[in-house]
Structures are given as C-alpha cells and as structure tokens.
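Asker: mmCIF, C-alpha atoms; chains and numbers go by the auth columns, file structure-v2.cif:
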```cif
data_upload
loop_
_atom_site.group_PDB
_atom_site.id
_atom_site.type_symbol
_atom_site.label_atom_id
_atom_site.label_comp_id
_atom_site.label_asym_id
_atom_site.label_seq_id
_atom_site.Cartn_x
_atom_site.Cartn_y
_atom_site.Cartn_z
_atom_site.B_iso_or_equiv
_atom_site.auth_seq_id
_atom_site.auth_asym_id
ATOM 1 C CA PHE A 1 -43.333 -55.916 16.122 0.00 20 A
ATOM 2 C CA ALA A 2 -41.667 -55.359 19.480 0.00 21 A
ATOM 3 C CA ASP A 3 -38.176 -53.985 20.077 0.00 22 A
ATOM 4 C CA TYR A 4 -36.079 -54.107 23.232 0.00 23 A
ATOM 5 C CA SER A 5 -32.745 -52.430 23.941 0.00 24 A
ATOM 6 C CA TYR A 6 -30.448 -52.784 26.934 0.00 25 A
ATOM 7 C CA LYS A 7 -27.307 -50.807 27.809 0.00 26 A
ATOM 8 C CA LEU A 8 -24.592 -52.550 29.798 0.00 27 A
ATOM 9 C CA LYS A 9 -21.982 -50.185 31.232 0.00 28 A
ATOM 10 C CA VAL A 10 -18.567 -51.804 30.692 0.00 29 A
ATOM 11 C CA ASN A 11 -16.642 -48.992 32.418 0.00 30 A
ATOM 12 C CA GLY A 12 -17.003 -45.230 32.871 0.00 31 A
ATOM 13 C CA ALA A 13 -16.916 -44.313 29.182 0.00 32 A
ATOM 14 C CA THR A 14 -17.634 -47.611 27.399 0.00 33 A
ATOM 15 C CA ASN A 15 -21.016 -49.254 26.861 0.00 34 A
ATOM 16 C CA LEU A 16 -22.312 -52.421 25.251 0.00 35 A
ATOM 17 C CA TRP A 17 -25.748 -51.921 23.711 0.00 36 A
ATOM 18 C CA MET A 18 -27.830 -55.014 22.977 0.00 37 A
ATOM 19 C CA GLY A 19 -31.078 -55.154 21.074 0.00 38 A
ATOM 20 C CA LEU A 20 -33.744 -57.711 20.216 0.00 39 A
ATOM 21 C CA LYS A 21 -36.727 -57.470 17.924 0.00 40 A
ATOM 22 C CA GLY A 22 -39.538 -59.812 17.049 0.00 41 A
ATOM 23 C CA GLY A 23 -42.866 -59.765 15.327 0.00 42 A
ATOM 24 C CA PHE A 24 -44.697 -60.766 12.168 0.00 43 A
ATOM 25 C CA ASN A 25 -46.326 -59.543 8.985 0.00 44 A
ATOM 26 C CA ILE A 26 -49.547 -60.797 7.462 0.00 45 A
ATOM 27 C CA TYR A 27 -49.225 -60.475 3.673 0.00 46 A
ATOM 28 C CA SER A 28 -51.976 -60.507 1.036 0.00 47 A
ATOM 29 C CA HIS A 29 -51.731 -59.682 -2.668 0.00 48 A
ATOM 30 C CA ASN A 30 -54.250 -60.112 -5.490 0.00 49 A
ATOM 31 C CA LEU A 31 -51.830 -60.995 -8.293 0.00 50 A
ATOM 32 C CA SER A 32 -54.557 -61.548 -10.898 0.00 51 A
ATOM 33 C CA GLU A 33 -55.540 -57.846 -10.826 0.00 52 A
ATOM 34 C CA HIS A 34 -52.208 -56.708 -12.340 0.00 53 A
ATOM 35 C CA VAL A 35 -52.352 -55.452 -15.914 0.00 54 A
ATOM 36 C CA LEU A 36 -49.469 -57.018 -17.811 0.00 55 A
ATOM 37 C CA TYR A 37 -47.712 -55.430 -20.747 0.00 56 A
ATOM 38 C CA PRO A 38 -48.076 -56.077 -23.597 0.00 57 A
ATOM 39 C CA ASP A 39 -51.830 -56.652 -23.385 0.00 58 A
ATOM 40 C CA GLY A 40 -52.884 -60.253 -23.460 0.00 59 A
ATOM 41 C CA ILE A 41 -49.612 -61.691 -22.194 0.00 60 A
ATOM 42 C CA GLU A 42 -49.995 -64.491 -19.688 0.00 61 A
ATOM 43 C CA ASP A 43 -47.522 -65.007 -16.874 0.00 62 A
ATOM 44 C CA PRO A 44 -47.968 -67.853 -14.369 0.00 63 A
ATOM 45 C CA ALA A 45 -46.387 -65.644 -11.700 0.00 64 A
ATOM 46 C CA PHE A 46 -49.510 -63.453 -11.837 0.00 65 A
ATOM 47 C CA THR A 47 -52.200 -66.105 -11.400 0.00 66 A
ATOM 48 C CA GLY A 48 -54.083 -66.608 -8.178 0.00 67 A
ATOM 49 C CA ASP A 49 -53.827 -64.642 -4.998 0.00 68 A
ATOM 50 C CA ILE A 50 -51.664 -64.608 -1.902 0.00 69 A
ATOM 51 C CA ASP A 51 -54.016 -64.606 1.069 0.00 70 A
ATOM 52 C CA ASN A 52 -52.978 -63.756 4.621 0.00 71 A
ATOM 53 C CA GLN A 53 -49.536 -65.358 4.615 0.00 72 A
ATOM 54 C CA PHE A 54 -47.968 -65.310 8.087 0.00 73 A
ATOM 55 C CA MET A 55 -44.325 -64.158 8.012 0.00 74 A
ATOM 56 C CA PRO A 56 -42.489 -64.172 11.374 0.00 75 A
ATOM 57 C CA SER A 57 -39.459 -61.949 11.878 0.00 76 A
ATOM 58 C CA ALA A 58 -36.721 -61.681 14.500 0.00 77 A
ATOM 59 C CA GLY A 59 -33.574 -59.614 14.862 0.00 78 A
ATOM 60 C CA VAL A 60 -30.615 -59.056 17.155 0.00 79 A
ATOM 61 C CA GLY A 61 -27.823 -56.507 17.408 0.00 80 A
ATOM 62 C CA PHE A 62 -24.823 -55.503 19.520 0.00 81 A
ATOM 63 C CA LEU A 63 -22.959 -52.188 19.624 0.00 82 A
ATOM 64 C CA PHE A 64 -19.768 -51.682 21.631 0.00 83 A
ATOM 65 C CA GLN A 65 -19.086 -47.941 21.904 0.00 84 A
ATOM 66 C CA ASN A 66 -17.263 -45.208 23.728 0.00 85 A
ATOM 67 C CA ARG A 67 -16.503 -41.600 22.836 0.00 86 A
ATOM 68 C CA ASP A 68 -13.601 -42.506 20.482 0.00 87 A
ATOM 69 C CA TYR A 69 -14.813 -45.612 18.614 0.00 88 A
ATOM 70 C CA TYR A 70 -17.658 -48.036 18.013 0.00 89 A
ATOM 71 C CA VAL A 71 -18.055 -51.549 16.606 0.00 90 A
ATOM 72 C CA GLY A 72 -21.388 -53.219 15.969 0.00 91 A
ATOM 73 C CA ILE A 73 -22.928 -56.283 14.416 0.00 92 A
ATOM 74 C CA SER A 74 -26.606 -56.855 13.726 0.00 93 A
ATOM 75 C CA SER A 75 -29.185 -58.822 11.839 0.00 94 A
ATOM 76 C CA PRO A 76 -32.573 -57.084 11.894 0.00 95 A
ATOM 77 C CA LYS A 77 -34.018 -59.926 9.801 0.00 96 A
ATOM 78 C CA LEU A 78 -32.714 -63.299 10.942 0.00 97 A
ATOM 79 C CA ILE A 79 -35.535 -65.361 9.465 0.00 98 A
ATOM 80 C CA THR A 80 -35.981 -65.867 5.734 0.00 99 A
ATOM 81 C CA THR A 81 -39.651 -66.442 4.922 0.00 100 A
ATOM 82 C CA ASP A 82 -41.384 -67.327 1.697 0.00 101 A
ATOM 83 C CA TYR A 83 -44.943 -67.843 0.579 0.00 102 A
ATOM 84 C CA LYS A 84 -46.787 -69.547 -2.233 0.00 103 A
ATOM 85 C CA GLY A 85 -49.499 -68.009 -4.312 0.00 104 A
ATOM 86 C CA GLU A 86 -52.839 -69.739 -4.664 0.00 105 A
ATOM 87 C CA GLY A 87 -52.744 -72.001 -7.724 0.00 106 A
ATOM 88 C CA THR A 88 -49.026 -71.464 -8.389 0.00 107 A
ATOM 89 C CA ASN A 89 -46.161 -73.862 -8.081 0.00 108 A
ATOM 90 C CA PHE A 90 -43.414 -71.440 -7.093 0.00 109 A
ATOM 91 C CA ALA A 91 -42.413 -69.677 -3.904 0.00 110 A
ATOM 92 C CA ILE A 92 -41.575 -65.990 -3.421 0.00 111 A
ATOM 93 C CA TYR A 93 -39.291 -64.664 -0.722 0.00 112 A
ATOM 94 C CA GLY A 94 -41.181 -62.344 1.594 0.00 113 A
ATOM 95 C CA GLU A 95 -38.385 -61.538 4.036 0.00 114 A
ATOM 96 C CA ILE A 96 -34.684 -62.217 3.457 0.00 115 A
ATOM 97 C CA SER A 97 -31.985 -62.356 6.145 0.00 116 A
ATOM 98 C CA HIS A 98 -29.773 -59.254 6.392 0.00 117 A
ATOM 99 C CA PHE A 99 -26.433 -58.940 8.216 0.00 118 A
ATOM 100 C CA PHE A 100 -24.525 -55.727 9.054 0.00 119 A
ATOM 101 C CA LEU A 101 -21.111 -54.929 10.501 0.00 120 A
ATOM 102 C CA ILE A 102 -20.279 -51.322 11.422 0.00 121 A
ATOM 103 C CA ALA A 103 -17.221 -49.613 12.876 0.00 122 A
ATOM 104 C CA GLY A 104 -15.870 -46.113 13.292 0.00 123 A
ATOM 105 C CA TYR A 105 -13.053 -44.301 15.046 0.00 124 A
ATOM 106 C CA VAL A 106 -12.511 -40.635 15.956 0.00 125 A
ATOM 107 C CA CYS A 107 -8.808 -39.802 15.710 0.00 126 A
ATOM 108 C CA PRO A 108 -7.803 -36.421 17.169 0.00 127 A
ATOM 109 C CA ILE A 109 -5.200 -34.710 14.996 0.00 128 A
ATOM 110 C CA ASN A 110 -5.009 -31.583 17.182 0.00 129 A
ATOM 111 C CA ASN A 111 -7.374 -29.595 19.435 0.00 130 A
ATOM 112 C CA ASP A 112 -9.300 -28.168 16.464 0.00 131 A
ATOM 113 C CA PHE A 113 -9.199 -31.039 13.974 0.00 132 A
ATOM 114 C CA LYS A 114 -10.411 -34.665 14.144 0.00 133 A
ATOM 115 C CA PHE A 115 -10.525 -37.465 11.574 0.00 134 A
ATOM 116 C CA LYS A 116 -13.310 -40.088 11.585 0.00 135 A
ATOM 117 C CA PRO A 117 -13.135 -43.083 9.222 0.00 136 A
ATOM 118 C CA THR A 118 -16.136 -45.450 9.213 0.00 137 A
ATOM 119 C CA ILE A 119 -17.132 -48.699 7.533 0.00 138 A
ATOM 120 C CA LEU A 120 -20.466 -50.448 7.052 0.00 139 A
ATOM 121 C CA ALA A 121 -20.510 -53.944 5.525 0.00 140 A
ATOM 122 C CA LYS A 122 -23.833 -55.423 4.364 0.00 141 A
ATOM 123 C CA ALA A 123 -24.690 -58.983 3.364 0.00 142 A
ATOM 124 C CA THR A 124 -28.059 -60.185 2.089 0.00 143 A
ATOM 125 C CA ALA A 125 -28.843 -63.500 0.400 0.00 144 A
ATOM 126 C CA GLY A 126 -29.261 -63.043 -3.335 0.00 145 A
ATOM 127 C CA ALA A 127 -27.679 -59.571 -3.388 0.00 146 A
ATOM 128 C CA PRO A 128 -24.067 -58.481 -3.861 0.00 147 A
ATOM 129 C CA PHE A 129 -21.951 -57.950 -0.745 0.00 148 A
ATOM 130 C CA GLU A 130 -21.559 -54.194 -0.194 0.00 149 A
ATOM 131 C CA VAL A 131 -19.212 -52.025 1.803 0.00 150 A
ATOM 132 C CA ASP A 132 -19.724 -48.336 2.566 0.00 151 A
ATOM 133 C CA LEU A 133 -16.533 -46.441 3.429 0.00 152 A
ATOM 134 C CA SER A 134 -16.397 -42.873 4.649 0.00 153 A
ATOM 135 C CA ALA A 135 -13.762 -40.409 5.748 0.00 154 A
ATOM 136 C CA ASN A 136 -14.910 -37.322 7.646 0.00 155 A
ATOM 137 C CA PHE A 137 -13.136 -34.440 9.309 0.00 156 A
ATOM 138 C CA LEU A 138 -14.423 -32.395 12.256 0.00 157 A
ATOM 139 C CA LEU A 139 -13.272 -28.777 12.464 0.00 158 A
ATOM 140 C CA LYS A 140 -13.471 -26.973 15.847 0.00 159 A
ATOM 141 C CA ASN A 141 -16.205 -29.401 17.038 0.00 160 A
ATOM 142 C CA LYS A 142 -18.702 -27.519 14.818 0.00 161 A
ATOM 143 C CA PHE A 143 -18.354 -28.565 11.184 0.00 162 A
ATOM 144 C CA TRP A 144 -18.109 -32.063 9.641 0.00 163 A
ATOM 145 C CA PHE A 145 -16.996 -32.495 6.042 0.00 164 A
ATOM 146 C CA GLY A 146 -15.913 -35.549 4.096 0.00 165 A
ATOM 147 C CA ALA A 147 -16.721 -38.164 1.485 0.00 166 A
ATOM 148 C CA THR A 148 -18.346 -41.581 1.284 0.00 167 A
ATOM 149 C CA TYR A 149 -18.062 -44.452 -1.191 0.00 168 A
ATOM 150 C CA ARG A 150 -20.203 -47.577 -1.715 0.00 169 A
ATOM 151 C CA THR A 151 -18.420 -50.434 -3.476 0.00 170 A
ATOM 152 C CA GLY A 152 -19.404 -50.706 -7.117 0.00 171 A
ATOM 153 C CA ASP A 153 -22.241 -48.229 -6.760 0.00 172 A
ATOM 154 C CA SER A 154 -21.865 -44.632 -5.673 0.00 173 A
ATOM 155 C CA PHE A 155 -20.009 -41.903 -3.870 0.00 174 A
ATOM 156 C CA GLY A 156 -20.992 -38.717 -2.114 0.00 175 A
ATOM 157 C CA ILE A 157 -19.842 -35.612 -0.309 0.00 176 A
ATOM 158 C CA VAL A 158 -20.877 -35.045 3.300 0.00 177 A
ATOM 159 C CA ALA A 159 -21.194 -31.783 5.223 0.00 178 A
ATOM 160 C CA GLN A 160 -22.809 -31.085 8.595 0.00 179 A
ATOM 161 C CA TRP A 161 -22.914 -28.042 10.846 0.00 180 A
ATOM 162 C CA LEU A 162 -23.429 -28.712 14.573 0.00 181 A
ATOM 163 C CA ILE A 163 -25.432 -25.758 15.857 0.00 182 A
ATOM 164 C CA ASP A 164 -25.800 -27.266 19.360 0.00 183 A
ATOM 165 C CA ASN A 165 -26.249 -30.729 20.952 0.00 184 A
ATOM 166 C CA ASN A 166 -29.836 -30.977 19.658 0.00 185 A
ATOM 167 C CA LEU A 167 -29.621 -29.379 16.218 0.00 186 A
ATOM 168 C CA ARG A 168 -27.400 -30.268 13.249 0.00 187 A
#
```
Let me see the file written as structure tokens.
Answerer:
Amino acid sequence: FADYSYKLKVNGATNLWMGLKGGFNIYSHNLSEHVLYPDGIEDPAFTGDIDNQFMPSAGVGFLFQNRDYYVGISSPKLITTDYKGEGTNFAIYGEISHFFLIAGYVCPINNDFKFKPTILAKATAGAPFEVDLSANFLLKNKFWFGATYRTGDSFGIVAQWLIDNNLR
C-alpha cells in the first residue's frame, strides 16, 4: 500500500487536507483444514482452498479544518472485492467499501471553558449505518471531560489531561 497526503492552505488559519491511498492484498486460506463442530459435519463453505487471490484497494479523503472546527469525508476502501474458493460455487467479500463523515466544533464559553461537540457517521455495505456523537468540555486548556454515544450500541465517558503539547 502507498499513502499520499497534501495540505492546501486556504487562508492563514484554514487548511484543506487531501489524501489518497492505493495498494493490494494477496489472500490465501486453506479452508479444508478447519475443524468443524460438531465433528463430522460437512459445510460446502469449507471445501477447497483460496489461493493467492489478488484484491486491489484504493481510498480518498478530504479534511477541511481550522482551529475552531473541522469537516471531513473519506472512503479508505472504495473498491469492493470478492473471491471464490477452489471447488466452491459462492463468492466471499474480501474488502467492502467504507464511507465516513466527520465534523467537530470548538465553542468558547468563556476564557477557561470550551465546549466541543463532534459527530462521526459510518456507512458500510451489509452493516447498519452508525453515528458516533460526543460532547466534550475543555477546562483551562488542560483537562477534557465528556461523554460519547454510538447509535444502538454503546456509550462512554471521556477524560484527558493535557500535560503539554506532546503528552496527553
């Protein structure tokens, strides 16, 4: 795989980041060596082998950002690939297209307190559409605290202490 990123300065504080990726995987799998449960069961999905299947991959992404907000869109896997096992009559997806949309905004409440809501939307073929929402607060530019929620799945509490620019 190869990745390339380019930063285009829009104005003094705003940048547009652009990225490209490309490459391939070579996939092999000896399906007949799997031990199936219960013993003696036969499954046509586990007959034959998958030998050196070539799976190309490409991706692209854009991020528009400045110190107060960011918005991005990307697809690190644009190409859906599949492969067939030796002696089987079905195909298996090897790589599935993924799409992401991300945005965040830092809203100053006063000199010591900032609010940062963010969103990440994810779409993948064959999987449910998901959205991650978070709400964080920054106290005195040193301590982040907040919560995050993933639609239909989970939630969490977030805390982060900024010791300096290089250590959190």
Asker: Which residues of range 119-157 of chain A have any atom within 8 Å of an atom in range 165-183 of chain A when counting all atoms listed in the file, and what is the closest pair of atoms for each, with the distance in Å to one decimal? Order the rows by chain and rising number and write it as a tab-separated table.
Answerer:
```
residue	atom	partner	partner_atom	distance
A:Glu149	CA	A:Thr170	CA	5.9
A:Val150	CA	A:Thr170	CA	5.6
A:Asp151	CA	A:Arg169	CA	4.4
A:Leu152	CA	A:Tyr168	CA	5.3
A:Ser153	CA	A:Thr167	CA	4.1
A:Ala154	CA	A:Gly165	CA	5.6
A:Asn155	CA	A:Gly165	CA	4.1
A:Phe156	CA	A:Gly165	CA	6.0
```
Asker: Kindly resolve the PyMOL selection byres ((chain A and resi 94-97) around 7) on the present coordinates and return the residues as a ChimeraX atom specification.
Answerer: /A:76-80,93,98-99,115-119
Asker: Considering all atoms listed in the file, can you say which of A:Leu186, A:Leu157, A:Val90, A:Asn71 comes closest to Ala140 in chain A?
Answerer: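 Answer, going by the shortest atom-to-atom distance: A:Val90.
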Asker: Just the number, please: distance in Å from CA of Tyr88 in chain A to CA of Asp22 in chain A, one decimal.
Answerer: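 Calculated distance between CA of Tyr88 in chain A and CA of Asp22 in chain A is 24.9 Å.
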Asker: Have a look at CA of Thr137 in chain A and CA of Leu120 in chain A and let me know their distance in Å, one decimal.
Answerer: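 CA of Leu120 in chain A lies 10.8 Å from CA of Thr137 in chain A.
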Asker: In the coordinates of the file, take the point (-10.7, -37.7, 16.5) and a cut-off of 10 Å; then, counting all atoms listed in the file, name each qualifying protein, DNA or RNA residue as a list in words.
Answerer: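 Residues with an atom at most 10 Å from (-10.7, -37.7, 16.5): Arg86, Asp87, Tyr88, Tyr124, Val125, Cys126, Pro127, Ile128, Asn129, Asn130, Asp131, Phe132, Lys133, Phe134, Lys135, Pro136, Asn155, Phe156, Leu157 and Asn160 of chain A.
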Asker: Which residue is closest to Lys141 in chain A? Choose from A:Phe164, A:Lys159, A:Ile92, A:Asn30 and count only C-alpha atoms.
Answerer: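 Counting only C-alpha atoms, the residue closest to Lys141 in chain A is A:Ile92.
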Asker: Which value, in Å to one decimal, gives the distance between CA of Leu35 in chain A and CA of Ile121 in chain A?
Answerer: 14.0 Å
Asker: Leaving out Ser47 in chain A and any residue of its chain fewer than 2 positions from it, which residues lie within 9 Å of it when counting only C-alpha atoms, given as a list in words?
Answerer: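 Once the adjacent positions are removed, what remains is Ile45, Asn49, Asp68, Ile69, Asp70, Asn71 and Gln72 of chain A.
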Asker: Please write the residues picked by the PyMOL selection byres ((chain A and resi 24) around 10) on this file as a PDB file with C-alpha atoms, keeping the file's coordinate frame.
Answerer:
```pdb
ATOM      1  CA  ASP A  22     -38.176 -53.985  20.077  1.00  0.00           C
ATOM      2  CA  TYR A  23     -36.079 -54.107  23.232  1.00  0.00           C
ATOM      3  CA  TYR A  25     -30.448 -52.784  26.934  1.00  0.00           C
ATOM      4  CA  LYS A  26     -27.307 -50.807  27.809  1.00  0.00           C
ATOM      5  CA  TRP A  36     -25.748 -51.921  23.711  1.00  0.00           C
ATOM      6  CA  MET A  37     -27.830 -55.014  22.977  1.00  0.00           C
ATOM      7  CA  GLY A  38     -31.078 -55.154  21.074  1.00  0.00           C
ATOM      8  CA  LEU A  39     -33.744 -57.711  20.216  1.00  0.00           C
ATOM      9  CA  LYS A  40     -36.727 -57.470  17.924  1.00  0.00           C
ATOM     10  CA  VAL A  79     -30.615 -59.056  17.155  1.00  0.00           C
ATOM     11  CA  GLY A  80     -27.823 -56.507  17.408  1.00  0.00           C
ATOM     12  CA  PHE A  81     -24.823 -55.503  19.520  1.00  0.00           C
TER      13      PHE A  81
END
```
Asker: Apply the PyMOL selection byres ((chain A and resi 51) around 10) to the structure shown and report the selected residues as a list in words.
Answerer: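 This file, filtered by the PyMOL selection byres ((chain A and resi 51) around 10), leaves His48, Asn49, Leu50, Glu52, His53, Val54, Leu55, Asp62, Pro63, Ala64, Phe65, Thr66, Gly67, Asp68 and Ile69 of chain A.
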Asker: For Phe83 in chain A, which residue out of A:Lys161, A:Phe148, A:Gly123, A:Ala21 is the nearest one, using all atoms listed in the file?
Answerer: A:Gly123
Asker: Using only C-alpha atoms, find the one residue out of A:Gln84, A:Phe43, A:Tyr56, A:Glu61 that sits nearest to Gly31 in chain A.
Answerer: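 Of A:Gln84, A:Phe43, A:Tyr56, A:Glu61, the one nearest Gly31 in chain A is A:Gln84, counting only C-alpha atoms.
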Asker: Taking only C-alpha atoms into account, name the residue in A:Asn184, A:Thr143, A:Asp101, A:Ala122 that is nearest to Pro75 in chain A.
Answerer: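 Once distances to Pro75 in chain A are computed over only C-alpha atoms, the minimum belongs to A:Asp101.
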